[in-house]
>>> print(open('work_22.cif').read())   # mmCIF, C-alpha atoms
data_structure
loop_
_atom_site.label_atom_id
_atom_site.label_comp_id
_atom_site.auth_asym_id
_atom_site.auth_seq_id
_atom_site.Cartn_x
_atom_site.Cartn_y
_atom_site.Cartn_z
CA MET A 1 1.43 186.82 8.22
CA HIS A 2 1.87 189.34 11.04
CA ALA A 3 5.06 191.39 11.30
CA LEU A 4 6.03 189.55 14.47
CA ASP A 5 5.56 186.22 12.71
CA VAL A 6 8.06 187.39 10.12
CA LEU A 7 10.48 188.36 12.89
CA GLY A 8 9.90 185.11 14.77
CA ASP A 9 12.21 183.17 12.46
CA PRO A 10 15.93 183.42 13.34
CA VAL A 11 17.02 183.15 9.70
CA ARG A 12 14.86 186.13 8.71
CA ARG A 13 16.08 188.11 11.72
CA ARG A 14 19.67 187.41 10.68
CA ILE A 15 18.97 188.53 7.11
CA LEU A 16 17.47 191.77 8.47
CA GLU A 17 20.55 192.29 10.68
CA LEU A 18 22.78 191.89 7.62
CA LEU A 19 20.72 194.38 5.65
CA ALA A 20 20.68 196.85 8.53
CA ASP A 21 24.46 196.63 8.91
CA ASP A 22 25.48 196.71 5.26
CA GLY A 23 22.68 198.72 3.67
CA GLU A 24 22.33 196.72 0.49
CA LEU A 25 23.48 193.18 -0.28
CA GLY A 26 23.19 190.86 -3.23
CA ALA A 27 21.08 187.73 -2.90
CA GLY A 28 24.23 185.63 -3.38
CA GLU A 29 26.07 187.40 -0.56
CA ILE A 30 23.12 186.95 1.78
CA GLY A 31 22.81 183.32 0.73
CA GLU A 32 26.49 182.54 1.43
CA ILE A 33 26.37 184.00 4.93
CA VAL A 34 23.03 182.46 5.91
CA GLN A 35 23.84 179.05 4.42
CA GLN A 36 27.09 178.96 6.37
CA GLU A 37 25.55 180.12 9.66
CA PHE A 38 22.34 178.07 9.54
CA GLY A 39 23.23 175.17 7.27
CA ILE A 40 20.23 175.70 4.98
CA SER A 41 20.02 175.45 1.19
CA GLN A 42 20.01 178.30 -1.31
CA PRO A 43 16.32 177.70 -2.15
CA ALA A 44 15.47 177.99 1.56
CA VAL A 45 17.31 181.33 1.73
CA SER A 46 15.37 182.48 -1.35
CA GLN A 47 12.10 181.59 0.39
CA HIS A 48 13.05 183.69 3.43
CA LEU A 49 13.96 186.61 1.16
CA ARG A 50 10.56 186.26 -0.56
CA VAL A 51 8.74 186.37 2.80
CA LEU A 52 10.69 189.49 3.79
CA ARG A 53 9.85 191.16 0.45
CA GLU A 54 6.16 190.25 0.54
CA HIS A 55 5.67 191.51 4.10
CA GLY A 56 7.39 194.86 3.69
CA PHE A 57 10.70 194.10 5.44
CA ALA A 58 12.96 194.10 2.39
CA THR A 59 13.08 195.66 -1.04
CA VAL A 60 14.83 194.24 -4.08
CA ARG A 61 16.17 195.91 -7.18
CA PRO A 62 17.80 194.28 -10.16
CA GLU A 63 21.27 195.36 -11.19
CA GLY A 64 22.31 193.41 -14.22
CA ARG A 65 22.18 189.76 -13.24
CA ARG A 66 22.26 190.55 -9.51
CA ARG A 67 19.33 191.16 -7.22
CA LEU A 68 20.19 193.67 -4.50
CA TYR A 69 18.24 193.58 -1.24
CA ALA A 70 17.82 196.45 1.20
CA LEU A 71 15.91 196.97 4.42
CA ASP A 72 12.38 198.34 3.93
CA PRO A 73 11.33 200.46 6.94
CA ARG A 74 7.64 199.52 6.58
CA GLY A 75 8.00 196.09 8.20
CA PRO A 76 9.92 197.16 11.30
CA ARG A 77 7.54 200.14 11.63
CA GLU A 78 4.52 197.78 11.64
CA ALA A 79 6.16 195.64 14.34
CA ARG A 80 6.95 198.70 16.43
CA GLU A 81 3.41 200.03 16.11
CA TRP A 82 2.06 196.73 17.34
CA LEU A 83 4.49 196.71 20.30
CA THR A 84 3.93 200.36 21.32
CA PRO A 85 0.98 199.71 23.69
CA PHE A 86 3.18 197.26 25.62
CA GLU A 87 6.11 199.64 26.12
CA ARG A 88 4.60 200.81 29.41
CA PHE A 89 5.60 197.45 30.89
CA TRP A 90 9.32 197.72 30.18
CA LEU A 91 10.21 201.36 29.49
CA PRO A 92 9.98 202.50 33.14
CA LYS A 93 12.19 199.58 34.16
CA LEU A 94 14.71 200.45 31.46
CA ASP A 95 14.66 204.09 32.59
CA ALA A 96 15.27 202.99 36.18
CA LEU A 97 18.13 200.77 35.02
CA GLY A 98 19.65 203.71 33.16
CA THR A 99 19.43 205.82 36.30
CA GLU A 100 21.14 203.15 38.41
CA LEU A 101 23.89 202.70 35.83
CA ALA A 102 24.49 206.46 35.81
CA ARG A 103 24.62 206.52 39.63
CA GLY A 104 27.15 203.70 39.68
CA LYS A 105 29.29 205.40 37.05
CA ARG A 106 29.16 208.68 38.99
CA GLY A 107 30.04 206.89 42.24
CA ARG A 108 33.06 205.20 40.64
CA ARG A 109 34.21 208.51 39.15
CA LEU A 110 33.88 210.33 42.51
CA ALA A 111 35.72 207.53 44.32
CA ALA A 112 38.54 207.72 41.77
CA GLU A 113 38.73 211.49 42.21
CA ARG A 114 38.86 211.11 46.01
CA ALA A 115 41.59 208.50 45.71
CA GLU A 116 43.65 210.83 43.50
CA THR A 117 43.38 213.76 45.91
CA SER A 118 43.83 211.80 49.14
CA GLY A 119 46.39 209.26 47.99
CA PRO A 120 49.70 208.64 49.79
CA ALA A 121 51.44 211.51 48.00
CA ALA A 122 48.75 213.99 48.97
CA ASP A 123 48.71 213.32 52.71
CA SER A 124 52.35 212.64 53.47
CA THR A 125 55.56 214.55 53.17
CA ASP A 126 58.11 213.32 50.66
CA THR A 127 60.98 211.84 52.67
CA ALA A 128 63.38 212.07 49.76
CA THR A 129 63.06 215.83 49.43
CA THR A 130 62.74 216.84 53.06
CA GLY A 131 64.76 214.17 54.78
CA THR A 132 62.02 213.65 57.35
CA PRO A 133 59.54 210.82 57.41
CA PRO A 134 55.86 211.59 56.94
CA ALA A 135 53.91 212.61 60.00
CA HIS A 136 51.69 209.90 61.40
CA THR A 137 48.16 210.60 62.45
CA ASP A 138 45.80 209.06 64.93
CA PRO A 139 43.26 207.10 62.86
CA ALA A 140 40.45 207.90 65.29
CA THR A 141 40.91 211.66 65.25
CA GLY A 142 42.96 212.29 62.12
CA THR A 143 45.42 214.40 64.15
CA PRO A 144 49.11 213.85 64.86
CA PRO A 145 49.88 212.31 68.26
CA ALA A 146 50.62 214.71 71.10
CA ALA A 147 54.24 215.54 71.63
CA THR A 148 55.70 213.84 74.63
CA THR A 149 58.56 215.05 76.74
CA PRO A 150 60.81 212.68 78.54
CA THR A 151 60.07 212.46 82.21
CA THR A 152 62.86 212.85 84.66
CA GLU A 153 63.07 211.30 88.01
CA LYS A 154 62.61 213.85 90.76
CA GLU A 155 65.48 214.24 93.10
CA THR A 156 64.60 213.72 96.70
#
>>> encode(input="work_22.cif", output="structure tokens")
Amino acid sequence: MHALDVLGDPVRRRILELLADDGELGAGEIGEIVQQEFGISQPAVSQHLRVLREHGFATVRPEGRRRLYALDPRGPREAREWLTPFERFWLPKLDALGTELARGKRGRRLAAERAETSGPAADSTDTATTGTPPAHTDPATGTPPAATTPTTEKET
């Protein structure tokens, strides 16, 4: 059986996830979780554990009456070695995705910084402290409107 055939079964993948997360688990603990999640029998779980052991994905050691399972790095290494020639198809795309995510994050950060520095408090005068309303600006030019003087009617 090829390493990817071993990984092709969702029950075996789940067992490997459990072993990767917890380090070492008893066969009974694995069985309880897998039986509950997949609705399979204890003998079926034992068969999956046997496949993982025989193909270098799991190790087992006895501890009294318990059998403790742990992840064996040989199986995942074999799968990775087989997949390595194909990485050229997805790694550049993942790198490009990482670049775009970083650009978006940077853009959001810069926009937040601009909003902080050019918010309402930054470009207007505080009416409560000065007693005068904030100066208004012409949106087209960004300058205050020209001062106007009242016109008087000329006497004739």
>>> resolve_selection(input="work_22.cif", expression="the PyMOL selection byres ((chain A and resi 5-9) around 10)", output="mmCIF file with C-alpha atoms, in the frame of the given file")
data_model
loop_
_atom_site.group_PDB
_atom_site.id
_atom_site.type_symbol
_atom_site.label_atom_id
_atom_site.label_comp_id
_atom_site.auth_asym_id
_atom_site.auth_seq_id
_atom_site.Cartn_x
_atom_site.Cartn_y
_atom_site.Cartn_z
ATOM 1 C CA MET A 1 1.430 186.820 8.220
ATOM 2 C CA HIS A 2 1.870 189.340 11.040
ATOM 3 C CA ALA A 3 5.060 191.390 11.300
ATOM 4 C CA LEU A 4 6.030 189.550 14.470
ATOM 5 C CA PRO A 10 15.930 183.420 13.340
ATOM 6 C CA VAL A 11 17.020 183.150 9.700
ATOM 7 C CA ARG A 12 14.860 186.130 8.710
ATOM 8 C CA ARG A 13 16.080 188.110 11.720
ATOM 9 C CA ARG A 14 19.670 187.410 10.680
ATOM 10 C CA LEU A 16 17.470 191.770 8.470
ATOM 11 C CA HIS A 48 13.050 183.690 3.430
ATOM 12 C CA VAL A 51 8.740 186.370 2.800
ATOM 13 C CA LEU A 52 10.690 189.490 3.790
ATOM 14 C CA HIS A 55 5.670 191.510 4.100
ATOM 15 C CA GLY A 56 7.390 194.860 3.690
ATOM 16 C CA PHE A 57 10.700 194.100 5.440
ATOM 17 C CA GLY A 75 8.000 196.090 8.200
ATOM 18 C CA PRO A 76 9.920 197.160 11.300
ATOM 19 C CA ALA A 79 6.160 195.640 14.340
#
>>> closest_residue(input="work_22.cif", among="A:Leu110, A:Leu49, A:Leu83, A:Ile33", to="Tyr69 of chain A", atoms="all atoms listed in the file")
A:Leu49
>>> atom_distance(input="work_22.cif", atom1="atom CA of Leu94 of chain A", atom2="atom CA of Gly107 of chain A")
19.8 Å
>>> atom_distance(input="work_22.cif", atom1="atom CA of Glu37 of chain A", atom2="atom CA of Glu54 of chain A")
23.7 Å
>>> residues_around(input="work_22.cif", residues="Val45 of chain A", least_positions_apart="5", cutoff="9 Å", atoms="all atoms listed in the file", output="VMD selection string")
chain A and resid 11 to 12 27 30 to 31 34 to 35 40 50
